[in-house]
$ cat input36.cif   # mmCIF, C-alpha atoms and all ligand atoms
data_protein
#
loop_
_atom_site.label_atom_id
_atom_site.label_comp_id
_atom_site.auth_asym_id
_atom_site.auth_seq_id
_atom_site.Cartn_x
_atom_site.Cartn_y
_atom_site.Cartn_z
CA LEU A 1 -28.18 -13.91 7.00
CA GLU A 2 -31.34 -15.89 7.28
CA ASN A 3 -33.04 -17.53 10.28
CA GLY A 4 -31.71 -15.08 12.79
CA ASP A 5 -28.16 -16.30 11.96
CA TRP A 6 -26.99 -12.75 12.27
CA GLN A 7 -27.61 -12.79 16.02
CA THR A 8 -26.01 -16.10 16.98
CA GLY A 9 -23.22 -15.59 19.45
CA SER A 10 -23.15 -11.85 18.82
CA ARG A 11 -23.21 -9.06 21.31
CA GLY A 12 -23.54 -5.33 21.20
CA PRO A 13 -25.82 -3.09 19.16
CA ARG A 14 -27.78 -4.84 16.43
CA TYR A 15 -26.27 -2.82 13.60
CA LEU A 16 -22.79 -3.92 14.70
CA GLN A 17 -23.92 -7.56 14.90
CA LEU A 18 -25.27 -7.31 11.38
CA ARG A 19 -22.12 -5.58 10.17
CA ARG A 20 -19.96 -8.37 11.62
CA ARG A 21 -22.24 -10.98 10.05
CA ILE A 22 -21.96 -9.41 6.59
CA GLN A 23 -18.21 -9.04 7.07
CA LEU A 24 -17.99 -12.75 7.92
CA ALA A 25 -20.01 -13.68 4.82
CA ILE A 26 -17.50 -11.67 2.75
CA ASP A 27 -14.43 -13.11 4.54
CA GLU A 28 -15.72 -16.63 4.03
CA GLY A 29 -16.46 -16.00 0.37
CA VAL A 30 -20.25 -16.44 0.69
CA LEU A 31 -20.44 -12.94 -0.76
CA LYS A 32 -17.72 -12.60 -3.40
CA GLU A 33 -15.77 -9.55 -4.50
CA ASN A 34 -17.58 -7.26 -6.94
CA GLU A 35 -20.86 -9.08 -6.24
CA PRO A 36 -23.87 -6.96 -5.35
CA LEU A 37 -25.09 -6.95 -1.77
CA PRO A 38 -28.83 -7.57 -1.33
CA SER A 39 -30.66 -4.24 -1.15
CA GLU A 40 -31.25 -2.60 2.23
CA ARG A 41 -34.89 -3.54 1.96
CA GLU A 42 -34.08 -7.18 1.24
CA ILE A 43 -31.60 -7.38 4.12
CA ALA A 44 -34.19 -5.81 6.43
CA VAL A 45 -36.76 -8.43 5.41
CA ILE A 46 -34.31 -11.35 5.73
CA THR A 47 -32.98 -10.30 9.12
CA ASP A 48 -36.17 -8.79 10.51
CA LEU A 49 -34.24 -5.66 11.39
CA SER A 50 -35.28 -2.09 10.68
CA ARG A 51 -34.08 -0.28 7.55
CA VAL A 52 -32.31 2.23 9.81
CA THR A 53 -30.29 -0.58 11.45
CA VAL A 54 -29.43 -2.11 8.07
CA ARG A 55 -28.39 1.27 6.67
CA LYS A 56 -26.10 1.85 9.67
CA ALA A 57 -24.50 -1.59 9.26
CA VAL A 58 -23.89 -1.05 5.54
CA ALA A 59 -22.61 2.49 6.14
CA GLY A 60 -19.95 1.04 8.48
CA LEU A 61 -18.85 -1.42 5.81
CA VAL A 62 -18.67 1.38 3.25
CA GLU A 63 -16.60 3.45 5.64
CA ASP A 64 -13.97 0.73 6.05
CA ARG A 65 -14.08 0.05 2.28
CA THR A 66 -15.35 -3.52 2.57
CA VAL A 67 -18.31 -2.45 0.50
CA VAL A 68 -18.54 0.16 -2.24
CA GLN A 69 -21.69 2.00 -3.21
CA LYS A 70 -22.31 2.83 -6.83
CA ARG A 71 -24.80 5.57 -7.49
CA GLY A 72 -28.02 4.19 -8.83
CA SER A 73 -26.96 0.54 -8.75
CA GLY A 74 -26.58 -0.31 -5.07
CA SER A 75 -23.81 -1.75 -2.89
CA PHE A 76 -21.10 -4.17 -3.97
CA VAL A 77 -18.42 -6.19 -2.21
CA ALA A 78 -15.21 -4.24 -2.72
CA PRO A 79 -12.38 -5.91 -4.66
CA ARG A 80 -10.05 -7.72 -2.30
CA VAL A 81 -6.44 -6.71 -1.87
CA ARG A 82 -4.22 -9.71 -2.34
CA LYS A 83 -1.46 -9.81 0.19
CA VAL A 84 2.04 -9.62 -1.14
CA GLU A 85 4.65 -11.63 0.70
CA GLN A 86 7.97 -9.87 0.53
CA ARG A 87 11.25 -11.44 1.56
CA LEU A 88 13.51 -9.26 3.59
CA SER A 89 16.74 -10.91 2.54
CA SER A 90 17.19 -9.77 -1.05
CA LEU A 91 17.65 -6.34 -2.54
CA THR A 92 15.03 -6.05 -5.25
CA SER A 93 12.97 -3.31 -6.87
CA PHE A 94 9.23 -2.92 -6.86
CA SER A 95 9.08 -3.66 -10.60
CA GLU A 96 11.06 -6.90 -10.15
CA ASP A 97 8.96 -7.96 -7.16
CA MET A 98 5.73 -7.51 -9.09
CA ALA A 99 7.04 -9.17 -12.26
CA ARG A 100 8.07 -12.22 -10.22
CA ARG A 101 4.51 -12.51 -8.95
CA GLY A 102 2.95 -12.06 -12.36
CA LEU A 103 1.43 -8.73 -11.37
CA ALA A 104 1.57 -5.64 -13.55
CA ALA A 105 3.54 -2.85 -11.86
CA SER A 106 2.50 0.70 -12.60
CA SER A 107 3.06 4.08 -10.98
CA GLU A 108 1.47 7.48 -10.65
CA TRP A 109 3.89 10.34 -10.37
CA LEU A 110 3.78 12.52 -7.28
CA GLN A 111 7.04 14.31 -8.02
CA ARG A 112 9.96 13.88 -10.44
CA GLY A 113 12.72 16.43 -10.79
CA LEU A 114 15.83 18.10 -9.40
CA CYS A 115 15.53 20.24 -6.25
CA PRO A 116 17.81 21.71 -3.61
CA ALA A 117 18.51 19.01 -1.00
CA SER A 118 16.68 19.24 2.33
CA PRO A 119 18.69 18.88 5.56
CA GLU A 120 17.35 15.32 5.92
CA GLU A 121 18.55 14.44 2.39
CA ILE A 122 21.93 16.11 2.94
CA PHE A 123 22.38 13.99 6.05
CA ALA A 124 21.18 10.69 4.55
CA LEU A 125 22.98 11.02 1.22
CA GLY A 126 26.15 12.57 2.63
CA LEU A 127 25.89 15.72 0.47
CA SER A 128 27.28 19.20 0.97
CA SER A 129 24.77 21.97 1.52
CA GLY A 130 23.72 23.61 -1.74
CA GLU A 131 23.85 20.33 -3.68
CA ARG A 132 20.80 19.17 -5.58
CA VAL A 133 18.89 15.94 -5.40
CA ALA A 134 16.72 14.04 -7.83
CA ARG A 135 13.34 13.31 -6.29
CA VAL A 136 11.42 10.36 -7.62
CA GLU A 137 8.10 10.14 -5.79
CA ARG A 138 5.45 7.70 -6.89
CA LEU A 139 2.33 5.86 -5.97
CA ARG A 140 3.15 2.24 -6.80
CA LYS A 141 0.40 -0.06 -7.99
CA ALA A 142 0.03 -3.79 -8.55
CA ASP A 143 -2.54 -4.72 -11.17
CA GLY A 144 -3.90 -1.19 -10.79
CA ILE A 145 -4.32 -1.44 -6.99
CA PRO A 146 -2.43 1.17 -4.91
CA MET A 147 0.16 -0.64 -2.77
CA ALA A 148 2.72 1.88 -1.59
CA ILE A 149 3.95 5.43 -1.79
CA GLU A 150 7.70 5.67 -2.44
CA ARG A 151 9.63 8.90 -2.10
CA ALA A 152 13.17 8.36 -3.34
CA SER A 153 15.95 10.94 -3.17
CA LEU A 154 19.23 10.49 -5.03
CA SER A 155 22.20 12.72 -5.44
CA GLU A 156 22.13 14.66 -8.73
CA LYS A 157 25.48 12.99 -9.47
CA ILE A 158 23.83 9.56 -9.33
CA LEU A 159 20.68 10.52 -11.23
CA PRO A 160 21.22 13.73 -13.25
CA ASN A 161 18.13 13.14 -15.39
CA PRO A 162 15.24 11.99 -13.20
CA GLU A 163 12.85 12.42 -16.14
CA LYS A 164 14.51 9.34 -17.66
CA VAL A 165 12.80 7.22 -15.00
CA SER A 166 9.65 6.03 -16.69
CA SER A 167 8.81 2.76 -14.99
CA SER A 168 11.78 1.36 -13.03
CA LEU A 169 14.27 3.50 -11.13
CA TYR A 170 16.58 0.53 -10.61
CA ALA A 171 16.55 -0.21 -14.36
CA VAL A 172 17.77 3.36 -15.06
CA LEU A 173 20.45 3.03 -12.37
CA ARG A 174 21.53 -0.30 -13.83
CA SER A 175 21.86 1.22 -17.31
CA THR A 176 24.35 3.76 -15.97
CA GLY A 177 26.23 1.31 -13.73
CA MET A 178 24.91 3.01 -10.59
CA GLN A 179 22.76 0.18 -9.28
CA PRO A 180 22.73 -0.49 -5.56
CA VAL A 181 24.17 -3.76 -4.27
CA ARG A 182 23.44 -3.42 -0.57
CA ALA A 183 20.83 -1.63 1.49
CA ILE A 184 19.82 -0.95 5.04
CA GLN A 185 16.09 -0.94 5.60
CA ARG A 186 14.11 0.15 8.62
CA ILE A 187 10.47 -0.80 8.99
CA SER A 188 8.14 0.76 11.52
CA ALA A 189 4.41 0.80 12.14
CA ARG A 190 2.33 3.84 11.48
CA CYS A 191 -1.28 4.91 11.13
CA LEU A 192 -1.80 6.66 7.82
CA GLU A 193 -2.19 10.41 7.88
CA ALA A 194 -4.65 12.20 5.64
CA VAL A 195 -2.26 12.95 2.75
CA ASP A 196 -0.97 9.39 2.36
CA ALA A 197 -4.38 7.80 3.02
CA GLU A 198 -5.86 9.89 0.23
CA ILE A 199 -3.13 8.93 -2.23
CA LEU A 200 -3.46 5.23 -1.36
CA LYS A 201 -7.26 5.54 -1.42
CA ILE A 202 -7.74 3.94 2.00
CA PRO A 203 -9.25 5.40 5.18
CA ILE A 204 -7.25 7.79 7.36
CA GLY A 205 -5.78 5.91 10.30
CA SER A 206 -5.40 2.61 8.40
CA ALA A 207 -2.38 0.52 9.31
CA GLY A 208 0.71 1.31 7.30
CA LEU A 209 4.35 0.30 7.25
CA LYS A 210 6.84 3.09 7.05
CA ILE A 211 9.96 1.82 5.32
CA GLU A 212 13.20 3.69 4.97
CA ARG A 213 15.84 2.32 2.65
CA VAL A 214 19.36 3.62 2.18
CA SER A 215 21.13 1.70 -0.54
CA TYR A 216 24.79 1.62 -1.53
CA GLN A 217 27.00 0.93 -4.51
CA THR A 218 29.94 -1.53 -4.36
CA THR A 219 32.17 1.48 -3.67
CA GLY A 220 30.17 2.20 -0.49
CA GLN A 221 28.68 5.35 -1.99
CA VAL A 222 25.03 5.98 -1.11
CA VAL A 223 22.68 5.53 -4.07
CA GLU A 224 19.22 6.30 -2.75
CA PHE A 225 17.43 7.40 0.37
CA THR A 226 13.84 6.24 0.04
CA ARG A 227 10.97 6.78 2.43
CA SER A 228 7.99 4.63 1.69
CA VAL A 229 4.59 3.94 3.13
CA TYR A 230 3.28 0.47 2.37
CA ARG A 231 -0.27 -0.63 3.00
CA GLY A 232 -0.41 -2.66 6.18
CA ASP A 233 -3.26 -4.77 4.83
CA ALA A 234 -1.43 -5.61 1.61
CA TYR A 235 2.06 -6.61 2.74
CA ASP A 236 3.66 -9.35 4.81
CA PHE A 237 7.40 -9.01 5.25
CA VAL A 238 9.07 -12.34 5.78
CA ALA A 239 12.64 -13.00 6.94
CA GLU A 240 14.48 -16.27 7.27
CA LEU A 241 16.22 -16.61 10.60
CA GLN A 242 19.13 -18.81 11.50
CA ILE A 243 20.58 -19.75 14.85
CA SER A 244 23.70 -17.75 15.54
CA GLU A 245 26.82 -19.92 15.82
C1 LIG B 1 11.66 -0.83 -3.92
C2 LIG B 1 12.39 -0.04 -2.84
C3 LIG B 1 12.71 1.36 -3.22
C4 LIG B 1 13.24 1.46 -4.63
C5 LIG B 1 12.28 0.82 -5.59
C6 LIG B 1 12.74 0.86 -7.02
C7 LIG B 1 11.36 -0.91 -0.75
C8 LIG B 1 10.80 -0.59 0.57
N1 LIG B 1 11.71 0.06 -1.56
O1 LIG B 1 10.31 -0.66 -3.87
O2 LIG B 1 13.65 1.84 -2.30
O3 LIG B 1 13.46 2.80 -4.97
O4 LIG B 1 12.10 -0.53 -5.23
O5 LIG B 1 11.75 0.28 -7.80
O6 LIG B 1 11.51 -2.04 -1.03
P1 LIG B 1 11.65 0.42 -9.38
O7 LIG B 1 12.94 -0.02 -9.93
O8 LIG B 1 10.52 -0.46 -9.77
O9 LIG B 1 11.39 1.85 -9.68
#
$ encode --input "input36.cif" --output "structure tokens"
Amino acid sequence: LENGDWQTGSRGPRYLQLRRRIQLAIDEGVLKENEPLPSEREIAVITDLSRVTVRKAVAGLVEDRTVVQKRGSGSFVAPRVRKVEQRLSSLTSFSEDMARRGLAASSEWLQRGLCPASPEEIFALGLSSGERVARVERLRKADGIPMAIERASLSEKILPNPEKVSSSLYAVLRSTGMQPVRAIQRISARCLEAVDAEILKIPIGSAGLKIERVSYQTTGQVVEFTRSVYRGDAYDFVAELQISE
């Protein structure tokens, strides 16, 4: 930040120039995750900017979660989210995906139980009205970092005891011979609404990927209808393409 570096090639209000400069220092690893930021006073001295300007720049970084403020001990570079690269060609579960990467999968329950099926679930799962569904709704985490919200619905006939799902839904389905072997998945872009942003602990309006998966058994019977919201900043979906003959 020294020697007026913060102003080279920058335009716009000074607080935004400083904010970009600090962001760059973080992106380039000059300031590392969990490391303390210099105090507002120190930054003001180094950059020759006013405390008000520095405070505004830091407030912006706090708002987009690049920096976290801890009461009484100052500002720190927020822990980085490591991007997960997910292949789109194989049918895997969250637990398997994380295990393959050496990350610890965990979940927080949002809902788990049997409920009357909604019209959307009746349609997606091919149920008759009045039938019940098992809802398995979780915040999925990798090494303790929130990655996705998954809201799975399954026919009661497929999953009569949703409380048996402790960590992996697919593991429970496998144990009863109900595992899916094929799935159709639709991915679309979305800005996170308040409810999901709060659960994922990221700002409202952040980029998200809405993913719908309908999976099937060998018999062609639908297993699950899952609506998920994945963090846009944490996932890259990769598909291998081949020329069509
Ligand atoms: C995946 C699936 C989800 C499935 C879950 C089971 C996507 C978008 N979703 O995350 O449909 O219910 O795995 O994971 O890939 P589990 O066996 O770890 O509970």
$ residues_around --input "input36.cif" --residues "range 216-218 of chain A" --least-positions-apart "3" --cutoff "8 Å" --atoms "all atoms listed in the file" --output "list in words"
Met178, Gln179, Pro180, Val181, Arg182, Ala183, Gln221, Val222, Val223 and Glu224 of chain A
$ write_last_selection --input "input36.cif" --atoms "C-alpha atoms" --output "PDB file, in the coordinates of the input"
ATOM      1  CA  MET A 178      24.910   3.010 -10.590  1.00  0.00           C
ATOM      2  CA  GLN A 179      22.760   0.180  -9.280  1.00  0.00           C
ATOM      3  CA  PRO A 180      22.730  -0.490  -5.560  1.00  0.00           C
ATOM      4  CA  VAL A 181      24.170  -3.760  -4.270  1.00  0.00           C
ATOM      5  CA  ARG A 182      23.440  -3.420  -0.570  1.00  0.00           C
ATOM      6  CA  ALA A 183      20.830  -1.630   1.490  1.00  0.00           C
ATOM      7  CA  GLN A 221      28.680   5.350  -1.990  1.00  0.00           C
ATOM      8  CA  VAL A 222      25.030   5.980  -1.110  1.00  0.00           C
ATOM      9  CA  VAL A 223      22.680   5.530  -4.070  1.00  0.00           C
ATOM     10  CA  GLU A 224      19.220   6.300  -2.750  1.00  0.00           C
TER      11      GLU A 224
END
$ residues_around --input "input36.cif" --residues "Arg55 in chain A" --least-positions-apart "6" --cutoff "10 Å" --atoms "all atoms listed in the file" --output "PDB file with C-alpha atoms, keeping the file's coordinate frame"
ATOM      1  CA  TYR A  15     -26.270  -2.820  13.600  1.00  0.00           C
ATOM      2  CA  ARG A  19     -22.120  -5.580  10.170  1.00  0.00           C
ATOM      3  CA  SER A  39     -30.660  -4.240  -1.150  1.00  0.00           C
ATOM      4  CA  GLU A  40     -31.250  -2.600   2.230  1.00  0.00           C
ATOM      5  CA  ARG A  41     -34.890  -3.540   1.960  1.00  0.00           C
ATOM      6  CA  ILE A  43     -31.600  -7.380   4.120  1.00  0.00           C
ATOM      7  CA  ALA A  44     -34.190  -5.810   6.430  1.00  0.00           C
ATOM      8  CA  LEU A  61     -18.850  -1.420   5.810  1.00  0.00           C
TER       9      LEU A  61
END
$ atom_distance --input "input36.cif" --atom1 "CA of Leu110 in chain A" --atom2 "CA of Phe237 in chain A"
25.2 Å
$ axis_aligned_box --input "input36.cif" --around "ligand LIG 1 (chain B)" --padding-each-side "5 Å" --output "lines of an AutoDock Vina configuration file"
center_x = 12.0
center_y = 0.4
center_z = -4.7
size_x = 13.3
size_y = 14.8
size_z = 20.5
$ residues_near_ligand --input "input36.cif" --ligand "ligand LIG 1 (chain B)" --cutoff "9 Å" --atoms "all atoms listed in the file" --output "ChimeraX atom specification"
/A:86,88,91-98,105-107,136,138,140,148,150-153,165-173,183,185-187,210-215,224-230
$ residues_near_point --input "input36.cif" --point "(21.6, 18.7, -2.3)" --cutoff "6 Å" --atoms "all atoms listed in the file" --output "ChimeraX atom specification"
/A:116-117,122,127,129-133
$ closest_residue --input "input36.cif" --among "A:Ala25, A:Leu37, A:Cys191, A:Ile243" --to "Lys70 in chain A" --atoms "all atoms listed in the file"
A:Leu37
$ atom_distance --input "input36.cif" --atom1 "CA of Gly60 in chain A" --atom2 "CA of Gly208 in chain A"
20.7 Å
